[in-house]
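Structure first, then comments.
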Amino acid sequence: MNYSFIIIIIVMIGMWYFMNRQQKKAQAERQEQLNTMQVGTEIVTIGGLHGKLHSIDTEKNLIELDCEGVILTFERSAIKSIVPSASTTVVQETAESPIEEKGNKEN
């Protein structure tokens with residue numbers, strides 16, 4: 001039996017495993033975002049519409065989105081992303097070092 005064939009099979013199984021694992025992680029993260037939505041959360045739909053969440057109907061799996069006074073009804077699966085609010089955004093401060101000017105110094 002040829003060992004290169006066995007190695008190729010093992011590599012393919014490994015690639016399949018890691019791709020499947022990453023997909024499950026992304027799906028679990030998206031589901032967590034959908035479950036933690038609250039009224040007033042800013043979201044973006046798959047059509048590119050930005051607005052604030054007006055109401056959530058978990059039984060019918062529907063949401064109402066307030067887009068500048070216009071209330072639109074969508075399925076929860078139509079949410080592309082949830083815009084992080086300013087209170088949950090972590091601001092990282094970077095220490096700035098003074099920049100020395102390089103040039104001729106006259107004494």
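Residues in the structure tokens are named by chain (A, B, ... in the order shown) and by number from 1 within that chain; ligands are numbered from 1 in the order shown.
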
Could you list, as an mmCIF file with all heavy atoms, in the first residue's frame, every residue within 7 Å of Glu42 in chain A, counting only C-alpha atoms and ignoring same-chain residues fewer than 4 positions away?
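This went into result12.cif:
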data_model
loop_
_atom_site.group_PDB
_atom_site.id
_atom_site.type_symbol
_atom_site.label_atom_id
_atom_site.label_comp_id
_atom_site.auth_asym_id
_atom_site.auth_seq_id
_atom_site.Cartn_x
_atom_site.Cartn_y
_atom_site.Cartn_z
ATOM 1 N N GLY A 51 -30.748 50.389 11.614
ATOM 2 C CA GLY A 51 -31.837 50.891 12.447
ATOM 3 C C GLY A 51 -31.727 50.354 13.857
ATOM 4 O O GLY A 51 -30.833 49.582 14.191
ATOM 5 N N LYS A 52 -32.675 50.798 14.697
ATOM 6 C CA LYS A 52 -32.724 50.343 16.085
ATOM 7 C C LYS A 52 -33.841 49.328 16.234
ATOM 8 O O LYS A 52 -34.900 49.456 15.631
ATOM 9 C CB LYS A 52 -32.969 51.515 17.027
ATOM 10 C CG LYS A 52 -31.783 52.417 17.157
ATOM 11 C CD LYS A 52 -31.978 53.404 18.263
ATOM 12 C CE LYS A 52 -30.726 54.259 18.376
ATOM 13 N NZ LYS A 52 -30.775 55.123 19.535
ATOM 14 N N LEU A 53 -33.607 48.344 17.061
ATOM 15 C CA LEU A 53 -34.573 47.295 17.315
ATOM 16 C C LEU A 53 -35.746 47.871 18.111
ATOM 17 O O LEU A 53 -35.555 48.457 19.171
ATOM 18 C CB LEU A 53 -33.899 46.156 18.073
ATOM 19 C CG LEU A 53 -34.648 44.855 18.177
ATOM 20 C CD1 LEU A 53 -34.952 44.299 16.800
ATOM 21 C CD2 LEU A 53 -33.839 43.855 18.958
ATOM 22 N N ILE A 82 -24.835 43.085 14.559
ATOM 23 C CA ILE A 82 -25.288 43.956 15.626
ATOM 24 C C ILE A 82 -24.187 44.971 15.862
ATOM 25 O O ILE A 82 -23.034 44.612 16.108
ATOM 26 C CB ILE A 82 -25.584 43.156 16.907
ATOM 27 C CG1 ILE A 82 -26.712 42.160 16.627
ATOM 28 C CG2 ILE A 82 -25.939 44.072 18.052
ATOM 29 C CD1 ILE A 82 -26.994 41.210 17.755
ATOM 30 N N VAL A 83 -24.545 46.256 15.779
ATOM 31 C CA VAL A 83 -23.572 47.324 15.950
ATOM 32 C C VAL A 83 -23.278 47.460 17.437
ATOM 33 O O VAL A 83 -24.196 47.634 18.230
ATOM 34 C CB VAL A 83 -24.107 48.653 15.381
ATOM 35 C CG1 VAL A 83 -23.098 49.769 15.579
ATOM 36 C CG2 VAL A 83 -24.466 48.500 13.911
#

Identify, on the basis of only C-alpha atoms, every residue whose closest approach to Arg76 in chain A does not exceed 7 Å; exclude the query and any residue fewer than 5 positions from it along the same chain; express the result as a compact mmCIF listing (two decimals) with N, CA, C and O atoms, in the first residue's frame.
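Contents of result_21.txt, freshly written:
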# COMPACT_ATOMS: atom_id res chain seq x y z
N ASN A 61 -40.63 34.48 15.66
CA ASN A 61 -39.27 34.68 15.18
C ASN A 61 -39.16 35.93 14.30
O ASN A 61 -38.49 35.92 13.27
N LEU A 62 -39.83 37.00 14.72
CA LEU A 62 -39.84 38.26 13.98
C LEU A 62 -39.28 39.38 14.85
O LEU A 62 -39.32 39.32 16.07
N ILE A 63 -38.76 40.41 14.17
CA ILE A 63 -38.33 41.62 14.86
C ILE A 63 -38.93 42.80 14.13
O ILE A 63 -39.29 42.72 12.95

Quiz item: Leaving out Asn35 in chain A and any residue of its chain fewer than 2 positions from it, which residues lie within 12 Å of it when counting only C-alpha atoms, given as an NGL selection string?
Solution: :A and (28-33 or 37-39 or 56-58 or 61 or 76-77 or 79 or 82)

Exercise. From a DSSP calculation on the backbone, collect every residue of range 23-77 of chain A in alpha helix (DSSP H) and output the set as an NGL selection string.
Key: :A and (23-35)

Exercise. Would you kindly return, as a list in words, each protein, DNA or RNA residue with an atom no farther than 9 Å from any atom of range 65-67 of chain A, considering only C-alpha atoms and excluding same-chain residues fewer than 2 positions away?
Key: Gly40, Ile43, Leu49, His50, Gly51, Lys52, Leu53, His54, Ser55, Ile63, Gly69, Val70, Ile71, Leu72, Thr73 and Phe74 of chain A

Just N, CA, C and O atoms for this one: save the residues we selected as an mmCIF file, in the first residue's frame.
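As a result, selection_28.cif now contains:
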data_model
loop_
_atom_site.group_PDB
_atom_site.id
_atom_site.type_symbol
_atom_site.label_atom_id
_atom_site.label_comp_id
_atom_site.auth_asym_id
_atom_site.auth_seq_id
_atom_site.Cartn_x
_atom_site.Cartn_y
_atom_site.Cartn_z
ATOM 1 N N GLY A 40 -33.756 48.548 21.385
ATOM 2 C CA GLY A 40 -32.860 49.692 21.351
ATOM 3 C C GLY A 40 -31.498 49.378 20.772
ATOM 4 O O GLY A 40 -30.706 50.281 20.520
ATOM 5 N N ILE A 43 -28.832 47.562 14.784
ATOM 6 C CA ILE A 43 -28.508 46.392 13.974
ATOM 7 C C ILE A 43 -28.435 46.770 12.499
ATOM 8 O O ILE A 43 -28.912 47.828 12.087
ATOM 9 N N LEU A 49 -29.746 47.702 5.642
ATOM 10 C CA LEU A 49 -30.581 48.685 6.327
ATOM 11 C C LEU A 49 -30.142 48.818 7.777
ATOM 12 O O LEU A 49 -30.045 47.821 8.495
ATOM 13 N N HIS A 50 -29.861 50.038 8.217
ATOM 14 C CA HIS A 50 -29.439 50.305 9.585
ATOM 15 C C HIS A 50 -30.626 50.834 10.371
ATOM 16 O O HIS A 50 -31.397 51.638 9.865
ATOM 17 N N GLY A 51 -30.748 50.389 11.614
ATOM 18 C CA GLY A 51 -31.837 50.891 12.447
ATOM 19 C C GLY A 51 -31.727 50.354 13.857
ATOM 20 O O GLY A 51 -30.833 49.582 14.191
ATOM 21 N N LYS A 52 -32.675 50.798 14.697
ATOM 22 C CA LYS A 52 -32.724 50.343 16.085
ATOM 23 C C LYS A 52 -33.841 49.328 16.234
ATOM 24 O O LYS A 52 -34.900 49.456 15.631
ATOM 25 N N LEU A 53 -33.607 48.344 17.061
ATOM 26 C CA LEU A 53 -34.573 47.295 17.315
ATOM 27 C C LEU A 53 -35.746 47.871 18.111
ATOM 28 O O LEU A 53 -35.555 48.457 19.171
ATOM 29 N N HIS A 54 -36.953 47.737 17.575
ATOM 30 C CA HIS A 54 -38.145 48.297 18.206
ATOM 31 C C HIS A 54 -38.858 47.262 19.056
ATOM 32 O O HIS A 54 -39.317 47.557 20.159
ATOM 33 N N SER A 55 -38.980 46.016 18.556
ATOM 34 C CA SER A 55 -39.598 44.944 19.334
ATOM 35 C C SER A 55 -39.132 43.583 18.805
ATOM 36 O O SER A 55 -38.683 43.469 17.668
ATOM 37 N N ILE A 63 -38.759 40.408 14.173
ATOM 38 C CA ILE A 63 -38.326 41.619 14.856
ATOM 39 C C ILE A 63 -38.928 42.805 14.130
ATOM 40 O O ILE A 63 -39.293 42.719 12.949
ATOM 41 N N GLY A 69 -38.007 56.458 12.292
ATOM 42 C CA GLY A 69 -39.447 56.635 12.433
ATOM 43 C C GLY A 69 -40.284 55.666 11.620
ATOM 44 O O GLY A 69 -41.487 55.604 11.796
ATOM 45 N N VAL A 70 -39.694 54.929 10.724
ATOM 46 C CA VAL A 70 -40.415 53.945 9.925
ATOM 47 C C VAL A 70 -40.189 52.572 10.562
ATOM 48 O O VAL A 70 -39.057 52.139 10.729
ATOM 49 N N ILE A 71 -41.277 51.889 10.936
ATOM 50 C CA ILE A 71 -41.183 50.582 11.571
ATOM 51 C C ILE A 71 -41.319 49.506 10.497
ATOM 52 O O ILE A 71 -42.312 49.468 9.773
ATOM 53 N N LEU A 72 -40.305 48.645 10.393
ATOM 54 C CA LEU A 72 -40.288 47.571 9.404
ATOM 55 C C LEU A 72 -40.186 46.232 10.126
ATOM 56 O O LEU A 72 -39.497 46.110 11.136
ATOM 57 N N THR A 73 -40.859 45.207 9.593
ATOM 58 C CA THR A 73 -40.857 43.880 10.196
ATOM 59 C C THR A 73 -39.938 42.960 9.393
ATOM 60 O O THR A 73 -40.024 42.911 8.163
ATOM 61 N N PHE A 74 -39.050 42.255 10.106
ATOM 62 C CA PHE A 74 -38.115 41.327 9.495
ATOM 63 C C PHE A 74 -38.110 40.021 10.278
ATOM 64 O O PHE A 74 -38.474 39.988 11.447
#

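For the atom pair formed by CA of Ser81 in chain A and CA of Leu34 in chain A, the distance is 9.1 Å, given to one decimal.
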
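In this model, the gap between CA of Asn2 in chain A and CA of Met19 in chain A comes to 26.7 Å.
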